[in-house]
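Trainee: Sharing model-v5.pdb, PDB, C-alpha atoms and all ligand atoms:
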ATOM      1  CA  MET A  29     -79.215 -18.191 -30.721
ATOM      2  CA  SER A  30     -79.916 -20.959 -28.191
ATOM      3  CA  GLY A  31     -77.459 -21.701 -25.380
ATOM      4  CA  ALA A  32     -76.607 -25.085 -26.914
ATOM      5  CA  GLU A  33     -75.943 -23.532 -30.311
ATOM      6  CA  ALA A  34     -73.713 -20.862 -28.767
ATOM      7  CA  VAL A  35     -71.678 -23.557 -27.003
ATOM      8  CA  MET A  36     -71.305 -25.566 -30.229
ATOM      9  CA  ARG A  37     -70.238 -22.504 -32.256
ATOM     10  CA  ARG A  38     -67.694 -21.458 -29.617
ATOM     11  CA  ASP A  39     -66.261 -24.965 -29.331
ATOM     12  CA  PHE A  40     -66.050 -25.470 -33.081
ATOM     13  CA  ALA A  41     -64.222 -22.155 -33.541
ATOM     14  CA  ALA A  42     -61.780 -23.000 -30.737
ATOM     15  CA  ARG A  43     -61.049 -26.502 -31.993
ATOM     16  CA  GLU A  44     -60.474 -25.487 -35.615
ATOM     17  CA  ARG A  45     -57.419 -23.522 -34.536
ATOM     18  CA  HIS A  46     -55.843 -26.775 -33.319
ATOM     19  CA  ALA A  47     -56.307 -28.817 -36.516
ATOM     20  CA  PRO A  48     -53.334 -31.198 -36.757
ATOM     21  CA  ASP A  49     -51.225 -31.162 -39.922
ATOM     22  CA  GLU A  50     -51.035 -34.182 -42.251
ATOM     23  CA  ALA A  51     -47.801 -35.561 -40.757
ATOM     24  CA  GLN A  52     -49.332 -35.473 -37.277
ATOM     25  CA  VAL A  53     -52.608 -36.984 -38.549
ATOM     26  CA  ALA A  54     -50.642 -39.855 -40.118
ATOM     27  CA  ALA A  55     -48.669 -40.494 -36.928
ATOM     28  CA  LEU A  56     -51.738 -40.262 -34.668
ATOM     29  CA  THR A  57     -53.679 -42.558 -37.026
ATOM     30  CA  GLY A  58     -50.945 -45.158 -36.533
ATOM     31  CA  LEU A  59     -51.013 -44.595 -32.771
ATOM     32  CA  ALA A  60     -54.798 -45.081 -32.657
ATOM     33  CA  ALA A  61     -54.478 -48.295 -34.686
ATOM     34  CA  ARG A  62     -51.958 -49.673 -32.163
ATOM     35  CA  VAL A  63     -54.311 -48.718 -29.295
ATOM     36  CA  ARG A  64     -57.151 -50.599 -31.029
ATOM     37  CA  GLU A  65     -54.884 -53.655 -31.116
ATOM     38  CA  LEU A  66     -54.160 -53.076 -27.425
ATOM     39  CA  THR A  67     -57.892 -52.949 -26.643
ATOM     40  CA  GLU A  68     -58.395 -56.190 -28.549
ATOM     41  CA  ALA A  69     -55.502 -57.780 -26.646
ATOM     42  CA  VAL A  70     -56.859 -56.582 -23.282
ATOM     43  CA  VAL A  71     -60.307 -58.017 -23.993
ATOM     44  CA  HIS A  72     -58.823 -61.407 -24.923
ATOM     45  CA  THR A  73     -55.837 -61.745 -22.628
ATOM     46  CA  ASP A  74     -55.529 -64.530 -20.079
ATOM     47  CA  VAL A  75     -52.283 -63.343 -18.409
ATOM     48  CA  ASP A  76     -51.888 -63.817 -14.676
ATOM     49  CA  PRO A  77     -52.610 -60.909 -12.272
ATOM     50  CA  ALA A  78     -48.915 -60.003 -11.807
ATOM     51  CA  GLU A  79     -48.407 -59.678 -15.566
ATOM     52  CA  ALA A  80     -51.639 -57.669 -15.893
ATOM     53  CA  ASP A  81     -50.376 -55.292 -13.153
ATOM     54  CA  ALA A  82     -46.990 -54.956 -14.883
ATOM     55  CA  VAL A  83     -48.549 -54.174 -18.253
ATOM     56  CA  ALA A  84     -50.951 -51.685 -16.610
ATOM     57  CA  ALA A  85     -47.952 -49.837 -15.113
ATOM     58  CA  GLU A  86     -46.264 -49.629 -18.529
ATOM     59  CA  ILE A  87     -49.464 -48.344 -20.124
ATOM     60  CA  ALA A  88     -49.824 -45.720 -17.383
ATOM     61  CA  ALA A  89     -46.305 -44.521 -18.250
ATOM     62  CA  LEU A  90     -47.210 -44.310 -21.954
ATOM     63  CA  THR A  91     -50.395 -42.393 -21.113
ATOM     64  CA  ALA A  92     -48.301 -39.907 -19.137
ATOM     65  CA  ARG A  93     -46.024 -39.383 -22.181
ATOM     66  CA  LEU A  94     -49.024 -38.544 -24.382
ATOM     67  CA  THR A  95     -50.591 -36.335 -21.722
ATOM     68  CA  ALA A  96     -47.377 -34.262 -21.547
ATOM     69  CA  ALA A  97     -48.652 -32.448 -24.653
ATOM     70  CA  ARG A  98     -52.413 -32.422 -24.218
ATOM     71  CA  ARG A  99     -54.932 -30.505 -26.345
ATOM     72  CA  GLU A 100     -57.805 -28.871 -24.467
ATOM     73  CA  HIS A 101     -60.276 -30.587 -26.837
ATOM     74  CA  PRO A 102     -60.035 -33.418 -29.367
ATOM     75  CA  PRO A 103     -59.651 -32.182 -32.948
ATOM     76  CA  VAL A 104     -63.167 -31.887 -34.381
ATOM     77  CA  ALA A 105     -62.530 -32.012 -38.072
ATOM     78  CA  ALA A 106     -60.026 -31.359 -40.805
ATOM     79  CA  LEU A 107     -60.342 -30.824 -44.525
ATOM     80  CA  GLY A 108     -59.079 -33.790 -46.534
ATOM     81  CA  ALA A 109     -57.163 -33.545 -49.804
ATOM     82  CA  ASP A 110     -60.480 -34.008 -51.622
ATOM     83  CA  GLY A 111     -61.921 -30.988 -49.807
ATOM     84  CA  ARG A 112     -64.231 -33.138 -47.683
ATOM     85  CA  LEU A 113     -64.580 -32.792 -43.948
ATOM     86  CA  ARG A 114     -62.834 -35.560 -41.992
ATOM     87  CA  HIS A 115     -64.125 -36.183 -38.499
ATOM     88  CA  LEU A 116     -60.773 -37.183 -37.038
ATOM     89  CA  ALA A 117     -61.860 -37.829 -33.447
ATOM     90  CA  ASN A 118     -65.410 -38.993 -34.132
ATOM     91  CA  PRO A 119     -66.266 -42.209 -32.206
ATOM     92  CA  VAL A 120     -67.476 -43.940 -35.401
ATOM     93  CA  SER A 121     -65.356 -42.606 -38.275
ATOM     94  CA  GLY A 122     -62.458 -40.946 -36.496
ATOM     95  CA  GLU A 123     -59.158 -42.485 -37.521
ATOM     96  CA  LEU A 124     -57.549 -40.753 -34.526
ATOM     97  CA  ASN A 125     -60.079 -42.161 -32.054
ATOM     98  CA  PRO A 126     -59.189 -45.649 -30.792
ATOM     99  CA  ILE A 127     -62.801 -46.404 -29.834
ATOM    100  CA  ALA A 128     -63.875 -45.877 -33.476
ATOM    101  CA  PRO A 129     -63.703 -49.148 -35.488
ATOM    102  CA  PRO A 130     -63.178 -46.885 -37.660
ATOM    103  CA  VAL A 131     -66.077 -46.892 -40.130
ATOM    104  CA  LEU A 132     -64.861 -44.791 -43.066
ATOM    105  CA  LEU A 133     -67.628 -43.247 -45.144
ATOM    106  CA  GLU A 134     -67.680 -42.679 -48.866
ATOM    107  CA  ILE A 135     -70.058 -40.413 -50.687
ATOM    108  CA  VAL A 136     -72.195 -42.165 -53.278
ATOM    109  CA  PRO A 137     -72.258 -40.043 -56.457
ATOM    110  CA  ASP A 138     -75.396 -38.462 -57.913
ATOM    111  CA  GLY A 139     -77.200 -37.939 -54.616
ATOM    112  CA  GLY A 140     -76.874 -41.561 -53.575
ATOM    113  CA  GLY A 141     -76.106 -40.726 -49.956
ATOM    114  CA  VAL A 142     -73.208 -42.347 -48.117
ATOM    115  CA  ARG A 143     -71.953 -45.887 -47.692
ATOM    116  CA  ALA A 144     -69.290 -47.764 -45.767
ATOM    117  CA  GLU A 145     -67.710 -51.194 -45.791
ATOM    118  CA  PHE A 146     -66.258 -52.352 -42.495
ATOM    119  CA  THR A 147     -65.652 -55.312 -40.217
ATOM    120  CA  LEU A 148     -66.334 -55.187 -36.492
ATOM    121  CA  SER A 149     -64.197 -57.274 -34.164
ATOM    122  CA  ASP A 150     -65.584 -59.028 -31.098
ATOM    123  CA  VAL A 151     -64.540 -56.003 -29.054
ATOM    124  CA  TYR A 152     -68.008 -54.753 -30.119
ATOM    125  CA  GLU A 153     -69.790 -57.965 -29.149
ATOM    126  CA  GLY A 154     -73.181 -57.882 -27.432
ATOM    127  CA  PRO A 155     -74.863 -61.305 -27.631
ATOM    128  CA  PRO A 156     -72.282 -64.081 -28.158
ATOM    129  CA  SER A 157     -70.984 -63.964 -31.776
ATOM    130  CA  PHE A 158     -72.973 -60.845 -32.641
ATOM    131  CA  VAL A 159     -72.543 -57.086 -32.611
ATOM    132  CA  HIS A 160     -73.994 -55.103 -29.704
ATOM    133  CA  GLY A 161     -77.247 -53.416 -30.786
ATOM    134  CA  GLY A 162     -76.120 -50.069 -29.386
ATOM    135  CA  VAL A 163     -72.990 -50.206 -31.531
ATOM    136  CA  SER A 164     -75.156 -50.765 -34.625
ATOM    137  CA  ALA A 165     -77.268 -47.763 -33.576
ATOM    138  CA  LEU A 166     -74.120 -45.643 -33.150
ATOM    139  CA  ILE A 167     -72.831 -46.550 -36.597
ATOM    140  CA  LEU A 168     -76.203 -45.975 -38.230
ATOM    141  CA  ASP A 169     -76.650 -42.586 -36.532
ATOM    142  CA  GLN A 170     -73.313 -41.517 -37.994
ATOM    143  CA  LEU A 171     -74.229 -42.669 -41.503
ATOM    144  CA  LEU A 172     -77.681 -41.119 -41.301
ATOM    145  CA  GLY A 173     -76.210 -37.815 -40.095
ATOM    146  CA  ALA A 174     -73.518 -37.856 -42.755
ATOM    147  CA  ALA A 175     -76.134 -38.499 -45.472
ATOM    148  CA  ALA A 176     -78.087 -35.472 -44.237
ATOM    149  CA  ALA A 177     -74.895 -33.380 -44.228
ATOM    150  CA  VAL A 178     -73.785 -34.534 -47.676
ATOM    151  CA  ASN A 179     -77.267 -33.632 -48.940
ATOM    152  CA  GLY A 180     -76.584 -30.057 -47.829
ATOM    153  CA  THR A 181     -79.181 -30.305 -45.060
ATOM    154  CA  PRO A 182     -77.221 -31.199 -41.891
ATOM    155  CA  GLY A 183     -78.848 -31.302 -38.479
ATOM    156  CA  MET A 184     -79.001 -32.783 -35.031
ATOM    157  CA  THR A 185     -80.535 -36.234 -34.617
ATOM    158  CA  ALA A 186     -84.081 -35.550 -33.397
ATOM    159  CA  THR A 187     -85.502 -39.045 -33.860
ATOM    160  CA  LEU A 188     -83.865 -42.409 -34.545
ATOM    161  CA  GLU A 189     -85.923 -45.547 -35.091
ATOM    162  CA  LEU A 190     -84.273 -48.950 -35.430
ATOM    163  CA  ARG A 191     -85.516 -52.327 -36.581
ATOM    164  CA  TYR A 192     -83.223 -55.204 -35.662
ATOM    165  CA  ARG A 193     -84.187 -57.734 -38.341
ATOM    166  CA  ARG A 194     -81.560 -60.385 -37.628
ATOM    167  CA  PRO A 195     -78.371 -60.539 -35.555
ATOM    168  CA  THR A 196     -75.374 -58.636 -37.000
ATOM    169  CA  PRO A 197     -72.319 -60.909 -37.082
ATOM    170  CA  HIS A 198     -68.863 -59.664 -36.110
ATOM    171  CA  GLY A 199     -65.642 -60.659 -37.840
ATOM    172  CA  VAL A 200     -67.182 -60.552 -41.333
ATOM    173  CA  PRO A 201     -67.472 -57.748 -43.900
ATOM    174  CA  LEU A 202     -70.532 -55.561 -43.387
ATOM    175  CA  THR A 203     -71.970 -52.793 -45.538
ATOM    176  CA  ALA A 204     -73.961 -49.792 -44.373
ATOM    177  CA  GLU A 205     -75.757 -47.276 -46.542
ATOM    178  CA  ALA A 206     -77.815 -44.164 -45.823
ATOM    179  CA  LYS A 207     -79.796 -41.886 -48.088
ATOM    180  CA  VAL A 208     -82.046 -38.864 -47.629
ATOM    181  CA  SER A 209     -85.678 -39.632 -48.402
ATOM    182  CA  ARG A 210     -87.253 -36.209 -47.806
ATOM    183  CA  VAL A 211     -86.523 -32.660 -46.715
ATOM    184  CA  ASP A 212     -89.208 -30.537 -45.078
ATOM    185  CA  GLY A 213     -87.918 -27.120 -44.048
ATOM    186  CA  ARG A 214     -85.364 -27.638 -41.250
ATOM    187  CA  LYS A 215     -86.210 -31.356 -41.037
ATOM    188  CA  THR A 216     -84.358 -33.994 -43.048
ATOM    189  CA  TYR A 217     -85.576 -37.603 -43.137
ATOM    190  CA  VAL A 218     -83.007 -40.324 -43.826
ATOM    191  CA  ASP A 219     -83.139 -44.124 -44.247
ATOM    192  CA  ALA A 220     -80.240 -46.483 -43.592
ATOM    193  CA  ALA A 221     -79.379 -50.137 -43.162
ATOM    194  CA  ILE A 222     -76.539 -52.437 -42.195
ATOM    195  CA  THR A 223     -76.243 -55.450 -44.512
ATOM    196  CA  GLY A 224     -74.470 -58.722 -43.776
ATOM    197  CA  PRO A 225     -72.251 -60.687 -46.183
ATOM    198  CA  ASP A 226     -75.342 -62.573 -47.428
ATOM    199  CA  GLY A 227     -76.785 -59.287 -48.716
ATOM    200  CA  LYS A 228     -79.629 -59.292 -46.171
ATOM    201  CA  ALA A 229     -80.286 -56.263 -43.966
ATOM    202  CA  THR A 230     -79.588 -56.929 -40.295
ATOM    203  CA  VAL A 231     -80.598 -53.503 -38.971
ATOM    204  CA  GLN A 232     -82.750 -50.875 -40.661
ATOM    205  CA  ALA A 233     -83.057 -47.305 -39.436
ATOM    206  CA  THR A 234     -84.965 -44.144 -40.129
ATOM    207  CA  ALA A 235     -84.073 -40.821 -38.590
ATOM    208  CA  MET A 236     -85.086 -37.201 -38.641
ATOM    209  CA  PHE A 237     -82.448 -34.486 -38.368
ATOM    210  CA  VAL A 238     -83.330 -30.936 -37.392
ATOM    211  CA  MET A 239     -81.135 -27.978 -38.207
ATOM    212  CA  PRO A 240     -81.226 -25.896 -35.001
ATOM    213  CA  GLN A 241     -82.931 -22.516 -35.311
ATOM    214  CA  GLY A 242     -80.580 -19.774 -36.474
TER     215      GLY A 242
HETATM  216  C1  LIG B 301     -68.186 -37.699 -45.672
HETATM  217  C2  LIG B 301     -68.958 -37.285 -44.655
HETATM  218  C3  LIG B 301     -69.091 -35.898 -44.152
HETATM  219  C4  LIG B 301     -69.557 -35.922 -42.724
HETATM  220  C5  LIG B 301     -70.380 -34.813 -42.271
HETATM  221  C6  LIG B 301     -70.884 -34.813 -40.888
HETATM  222  C7  LIG B 301     -71.454 -36.056 -40.323
HETATM  223  C8  LIG B 301     -71.950 -35.916 -38.951
HETATM  224  C9  LIG B 301     -72.691 -37.102 -38.467
HETATM  225  C10 LIG B 301     -73.080 -36.946 -37.029
HETATM  226  C11 LIG B 301     -74.162 -37.896 -36.639
HETATM  227  C12 LIG B 301     -74.498 -37.820 -35.177
HETATM  228  C13 LIG B 301     -75.468 -36.703 -34.863
HETATM  229  C14 LIG B 301     -75.673 -36.581 -33.392
HETATM  230  O1  LIG B 301     -75.236 -37.367 -32.609
HETATM  231  S1  LIG B 301     -76.551 -35.226 -32.855
HETATM  232  C15 LIG B 301     -76.614 -35.519 -31.074
HETATM  233  C16 LIG B 301     -77.896 -36.173 -30.656
HETATM  234  N1  LIG B 301     -78.987 -35.262 -30.817
HETATM  235  C17 LIG B 301     -79.181 -34.258 -29.971
HETATM  236  O2  LIG B 301     -78.475 -34.067 -28.998
HETATM  237  C18 LIG B 301     -80.335 -33.349 -30.304
HETATM  238  C19 LIG B 301     -80.827 -32.603 -29.073
HETATM  239  N2  LIG B 301     -81.969 -31.800 -29.445
HETATM  240  C20 LIG B 301     -81.810 -30.568 -29.974
HETATM  241  O3  LIG B 301     -80.711 -30.034 -30.096
HETATM  242  C21 LIG B 301     -83.047 -29.876 -30.420
HETATM  243  O4  LIG B 301     -84.161 -30.412 -29.746
HETATM  244  C22 LIG B 301     -83.283 -29.979 -31.956
HETATM  245  C23 LIG B 301     -82.118 -29.330 -32.712
HETATM  246  C24 LIG B 301     -83.452 -31.437 -32.413
HETATM  247  C25 LIG B 301     -84.558 -29.254 -32.299
HETATM  248  O5  LIG B 301     -84.486 -27.988 -31.694
HETATM  249  P1  LIG B 301     -85.129 -26.706 -32.353
HETATM  250  O6  LIG B 301     -85.299 -25.717 -31.266
HETATM  251  O7  LIG B 301     -84.381 -26.258 -33.550
HETATM  252  O8  LIG B 301     -86.493 -27.335 -32.821
HETATM  253  P2  LIG B 301     -87.926 -26.709 -32.777
HETATM  254  O9  LIG B 301     -88.522 -26.911 -31.434
HETATM  255  O10 LIG B 301     -87.902 -25.306 -33.326
HETATM  256  O11 LIG B 301     -88.670 -27.695 -33.768
HETATM  257  C26 LIG B 301     -88.442 -27.664 -35.162
HETATM  258  C27 LIG B 301     -89.317 -28.722 -35.772
HETATM  259  O12 LIG B 301     -88.755 -30.017 -35.501
HETATM  260  C28 LIG B 301     -89.680 -30.803 -34.734
HETATM  261  N3  LIG B 301     -88.909 -31.553 -33.748
HETATM  262  C29 LIG B 301     -87.852 -31.114 -33.044
HETATM  263  N4  LIG B 301     -87.365 -32.086 -32.286
HETATM  264  C30 LIG B 301     -88.140 -33.170 -32.496
HETATM  265  C31 LIG B 301     -88.112 -34.480 -32.004
HETATM  266  N5  LIG B 301     -87.197 -34.902 -31.138
HETATM  267  N6  LIG B 301     -89.044 -35.336 -32.449
HETATM  268  C32 LIG B 301     -89.954 -34.962 -33.359
HETATM  269  N7  LIG B 301     -90.019 -33.717 -33.855
HETATM  270  C33 LIG B 301     -89.117 -32.846 -33.434
HETATM  271  C34 LIG B 301     -90.620 -29.810 -34.084
HETATM  272  O13 LIG B 301     -91.870 -30.389 -33.793
HETATM  273  C35 LIG B 301     -90.722 -28.752 -35.166
HETATM  274  O14 LIG B 301     -91.585 -29.227 -36.167
HETATM  275  P3  LIG B 301     -92.705 -28.236 -36.811
HETATM  276  O15 LIG B 301     -93.564 -27.844 -35.668
HETATM  277  O16 LIG B 301     -91.923 -27.096 -37.385
HETATM  278  O17 LIG B 301     -93.396 -29.071 -37.839
END
So, in terms of structure tokens, how does the structure I just supplied come out?
Ligand SMILES: CCCCCCCCCCCCCC(=O)SCCNC(=O)CCNC(=O)[C@H](O)C(C)(C)COP(=O)(O)OP(=O)(O)OC[C@H]1O[C@@H](n2cnc3c(N)ncnc32)[C@H](O)[C@@H]1OP(=O)(O)O

Mentor:
Amino acid sequence: MSGAEAVMRRDFAARERHAPDEAQVAALTGLAARVRELTEAVVHTDVDPAEADAVAAEIAALTARLTAARREHPPVAALGADGRLRHLANPVSGELNPIAPPVLLEIVPDGGGVRAEFTLSDVYEGPPSFVHGGVSALILDQLLGAAAAVNGTPGMTATLELRYRRPTPHGVPLTAEAKVSRVDGRKTYVDAAITGPDGKATVQATAMFVMPQG
């Protein structure tokens, strides 16, 4: 077993013991949603420096209240009612993670991979009016990895190739889909794309996932 694999196994085992129950998940999901609104407000606010300082002091007090009961690690995953793994703190799909939009994935039946419908606010803006290319890459990596996992052939992202065909707009409904194209031993090849409201792909991606040895 490699050193990296040993670390991952140890961490996963430790974090599973701290899986939050459904009532806590529901409350923390609401908390994360309010923090997303806060982030949006911070990015757009035009308050004067004194008001910004006052709000910062109140937020520091709220942070201290949350830190009073602090987990050693974020929760990694929990089993949903449908028996599927939910990545609660994942930076793309995690409903408990305020930096996640969140992009919630659904499994497409009959081996169709995974898909998601989502809207990105201008908090994720790169070029004016458009989504940051790194954010698109983050979202696609998640979908590609989930498609590999749902196929029963999960792995670590070994390669990720992106083609930015046209700018991805924010503030409008987007669709992303990913599907396994080929499995070769420990390697799984997956294709994905983000599509705009006009039905045209804005970003296309191909990736190879490798299941670590052992
Ligand atoms: C509803 C949804 C459910 C959700 C479920 C979960 C969703 C989760 C979504 C999460 C999504 C986010 C996911 C993330 O963020 S994963 C985080 C980002 N990725 C990493 O950090 C990966 C770091 N790298 C590694 O850990 C190792 O290098 C890996 C595991 C990749 C391979 O180390 P290992 O020691 O095992 O490999 P090997 O040397 O025996 O080689 C094996 C074969 O592979 C070929 N090879 C290897 N690397 C490369 C490369 N870079 N390009 C081309 N080829 C490569 C190699 O030539 C050989 O081929 P062959 O000679 O046999 O032909």

Trainee: Mind working out the centre and edge lengths of an axis-aligned box for ligand LIG 301 (chain B), all listed atoms inside, 6 Å added to each side, rounded to one decimal in Å and written as AutoDock Vina command-line options?

Mentor:
--center_x -80.9 --center_y -31.6 --center_z -37.3 --size_x 37.4 --size_y 24.6 --size_z 28.7

Trainee: Please write as a list in words the full residue list that the PyMOL selection byres (((chain A and resi 227) around 12) and not hetatm) yields on this file.

Mentor: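 For this structure, the PyMOL selection byres (((chain A and resi 227) around 12) and not hetatm) resolves to Thr196, Pro201, Leu202, Thr203, Ala204, Ala221, Ile222, Thr223, Gly224, Pro225, Asp226, Lys228, Ala229, Thr230 and Val231 of chain A.
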
Trainee: Just to be explicit: take each residue in the selection above, keep C-alpha atoms, and write the result as a PDB file, in the frame of the given file.

Mentor:
ATOM      1  CA  THR A 196     -75.374 -58.636 -37.000  1.00  0.00           C
ATOM      2  CA  PRO A 201     -67.472 -57.748 -43.900  1.00  0.00           C
ATOM      3  CA  LEU A 202     -70.532 -55.561 -43.387  1.00  0.00           C
ATOM      4  CA  THR A 203     -71.970 -52.793 -45.538  1.00  0.00           C
ATOM      5  CA  ALA A 204     -73.961 -49.792 -44.373  1.00  0.00           C
ATOM      6  CA  ALA A 221     -79.379 -50.137 -43.162  1.00  0.00           C
ATOM      7  CA  ILE A 222     -76.539 -52.437 -42.195  1.00  0.00           C
ATOM      8  CA  THR A 223     -76.243 -55.450 -44.512  1.00  0.00           C
ATOM      9  CA  GLY A 224     -74.470 -58.722 -43.776  1.00  0.00           C
ATOM     10  CA  PRO A 225     -72.251 -60.687 -46.183  1.00  0.00           C
ATOM     11  CA  ASP A 226     -75.342 -62.573 -47.428  1.00  0.00           C
ATOM     12  CA  LYS A 228     -79.629 -59.292 -46.171  1.00  0.00           C
ATOM     13  CA  ALA A 229     -80.286 -56.263 -43.966  1.00  0.00           C
ATOM     14  CA  THR A 230     -79.588 -56.929 -40.295  1.00  0.00           C
ATOM     15  CA  VAL A 231     -80.598 -53.503 -38.971  1.00  0.00           C
TER      16      VAL A 231
END

Trainee: Here is a test: counting all atoms listed in the file, which residue of A:His72, A:Arg210, A:Arg194, A:Arg143 is nearest to ligand LIG 301 (chain B)?

Mentor: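 Ranked by minimum distance to ligand LIG 301 (chain B), first place goes to A:Arg143.
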
Trainee: Let me make sure I understand: among A:Leu124, A:Ala97, A:Leu172, A:Ala78, which one has the smallest atom-to-atom distance to Ala55 (chain A) if we use all atoms listed in the file?

Mentor: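 Closest candidate: A:Leu124.
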
Trainee: Dump the neighbourhood of ligand LIG 301 (chain B) as a PyMOL selection string: all residues within 10 Å, distances computed on only C-alpha atoms and all ligand atoms.

Mentor: chain A and resi 29-30+32-33+105+108+112-115+118-121+132-136+141-143+166-180+182-188+212-216+235-242

Trainee: What gap, in Å, lies between CA of Glu145 (chain A) and CA of Ala47 (chain A)?

Mentor: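 Taking CA of Glu145 (chain A) and CA of Ala47 (chain A), their separation equals 26.8 Å.
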
Trainee: May I ask which of the residues A:Ala117, A:Val218, A:Ala84, A:Ala60 is the closest one to Gly140 (chain A), counting all atoms listed in the file?

Mentor: A:Val218

Trainee: Which residue out of A:Pro103, A:Gly139, A:Pro48, A:Pro126 has the minimum interatomic distance to Ala206 (chain A) when all atoms listed in the file are used?

Mentor: A:Gly139

Trainee: Which value, in Å to one decimal, gives the distance between CA of Ala69 (chain A) and CA of Val131 (chain A)?

Mentor: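 Atom-to-atom, CA of Ala69 (chain A) to CA of Val131 (chain A), that is 20.3 Å.
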
Trainee: Work out how far CA of Val163 (chain A) is from CA of Glu189 (chain A), in Å to one decimal.

Mentor: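 These two atoms are separated by 14.2 Å.
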
Trainee: Can you sort out region 165-184 of chain A so it carries N, CA and C atoms, written as a PDB file, in the frame of the given file?

Mentor:
ATOM      1  N   ALA A 165     -76.547 -49.041 -33.600  1.00  0.00           N
ATOM      2  CA  ALA A 165     -77.268 -47.763 -33.576  1.00  0.00           C
ATOM      3  C   ALA A 165     -76.292 -46.592 -33.732  1.00  0.00           C
ATOM      4  N   LEU A 166     -75.148 -46.693 -33.064  1.00  0.00           N
ATOM      5  CA  LEU A 166     -74.120 -45.643 -33.150  1.00  0.00           C
ATOM      6  C   LEU A 166     -73.642 -45.471 -34.593  1.00  0.00           C
ATOM      7  N   ILE A 167     -73.332 -46.600 -35.221  1.00  0.00           N
ATOM      8  CA  ILE A 167     -72.831 -46.550 -36.597  1.00  0.00           C
ATOM      9  C   ILE A 167     -73.908 -45.992 -37.536  1.00  0.00           C
ATOM     10  N   LEU A 168     -75.135 -46.448 -37.348  1.00  0.00           N
ATOM     11  CA  LEU A 168     -76.203 -45.975 -38.230  1.00  0.00           C
ATOM     12  C   LEU A 168     -76.474 -44.489 -38.024  1.00  0.00           C
ATOM     13  N   ASP A 169     -76.430 -44.015 -36.786  1.00  0.00           N
ATOM     14  CA  ASP A 169     -76.650 -42.586 -36.532  1.00  0.00           C
ATOM     15  C   ASP A 169     -75.612 -41.760 -37.284  1.00  0.00           C
ATOM     16  N   GLN A 170     -74.382 -42.226 -37.281  1.00  0.00           N
ATOM     17  CA  GLN A 170     -73.313 -41.517 -37.994  1.00  0.00           C
ATOM     18  C   GLN A 170     -73.597 -41.484 -39.501  1.00  0.00           C
ATOM     19  N   LEU A 171     -73.958 -42.639 -40.063  1.00  0.00           N
ATOM     20  CA  LEU A 171     -74.229 -42.669 -41.503  1.00  0.00           C
ATOM     21  C   LEU A 171     -75.440 -41.807 -41.859  1.00  0.00           C
ATOM     22  N   LEU A 172     -76.476 -41.908 -41.050  1.00  0.00           N
ATOM     23  CA  LEU A 172     -77.681 -41.119 -41.301  1.00  0.00           C
ATOM     24  C   LEU A 172     -77.348 -39.626 -41.263  1.00  0.00           C
ATOM     25  N   GLY A 173     -76.578 -39.229 -40.237  1.00  0.00           N
ATOM     26  CA  GLY A 173     -76.210 -37.815 -40.095  1.00  0.00           C
ATOM     27  C   GLY A 173     -75.321 -37.348 -41.228  1.00  0.00           C
ATOM     28  N   ALA A 174     -74.407 -38.219 -41.643  1.00  0.00           N
ATOM     29  CA  ALA A 174     -73.518 -37.856 -42.755  1.00  0.00           C
ATOM     30  C   ALA A 174     -74.315 -37.716 -44.055  1.00  0.00           C
ATOM     31  N   ALA A 175     -75.307 -38.594 -44.258  1.00  0.00           N
ATOM     32  CA  ALA A 175     -76.134 -38.499 -45.472  1.00  0.00           C
ATOM     33  C   ALA A 175     -76.886 -37.171 -45.491  1.00  0.00           C
ATOM     34  N   ALA A 176     -77.395 -36.767 -44.317  1.00  0.00           N
ATOM     35  CA  ALA A 176     -78.087 -35.472 -44.237  1.00  0.00           C
ATOM     36  C   ALA A 176     -77.112 -34.345 -44.560  1.00  0.00           C
ATOM     37  N   ALA A 177     -75.894 -34.433 -44.008  1.00  0.00           N
ATOM     38  CA  ALA A 177     -74.895 -33.380 -44.228  1.00  0.00           C
ATOM     39  C   ALA A 177     -74.480 -33.311 -45.691  1.00  0.00           C
ATOM     40  N   VAL A 178     -74.224 -34.484 -46.277  1.00  0.00           N
ATOM     41  CA  VAL A 178     -73.785 -34.534 -47.676  1.00  0.00           C
ATOM     42  C   VAL A 178     -74.892 -33.999 -48.603  1.00  0.00           C
ATOM     43  N   ASN A 179     -76.133 -34.146 -48.161  1.00  0.00           N
ATOM     44  CA  ASN A 179     -77.267 -33.632 -48.940  1.00  0.00           C
ATOM     45  C   ASN A 179     -77.367 -32.104 -48.863  1.00  0.00           C
ATOM     46  N   GLY A 180     -76.529 -31.509 -48.004  1.00  0.00           N
ATOM     47  CA  GLY A 180     -76.584 -30.057 -47.829  1.00  0.00           C
ATOM     48  C   GLY A 180     -77.613 -29.631 -46.811  1.00  0.00           C
ATOM     49  N   THR A 181     -78.168 -30.610 -46.071  1.00  0.00           N
ATOM     50  CA  THR A 181     -79.181 -30.305 -45.060  1.00  0.00           C
ATOM     51  C   THR A 181     -78.796 -30.970 -43.731  1.00  0.00           C
ATOM     52  N   PRO A 182     -77.663 -30.557 -43.130  1.00  0.00           N
ATOM     53  CA  PRO A 182     -77.221 -31.199 -41.891  1.00  0.00           C
ATOM     54  C   PRO A 182     -78.145 -30.849 -40.728  1.00  0.00           C
ATOM     55  N   GLY A 183     -78.046 -31.612 -39.665  1.00  0.00           N
ATOM     56  CA  GLY A 183     -78.848 -31.302 -38.479  1.00  0.00           C
ATOM     57  C   GLY A 183     -78.474 -32.199 -37.328  1.00  0.00           C
ATOM     58  N   MET A 184     -79.165 -31.947 -36.221  1.00  0.00           N
ATOM     59  CA  MET A 184     -79.001 -32.783 -35.031  1.00  0.00           C
ATOM     60  C   MET A 184     -79.999 -33.925 -35.116  1.00  0.00           C
TER      61      MET A 184
END
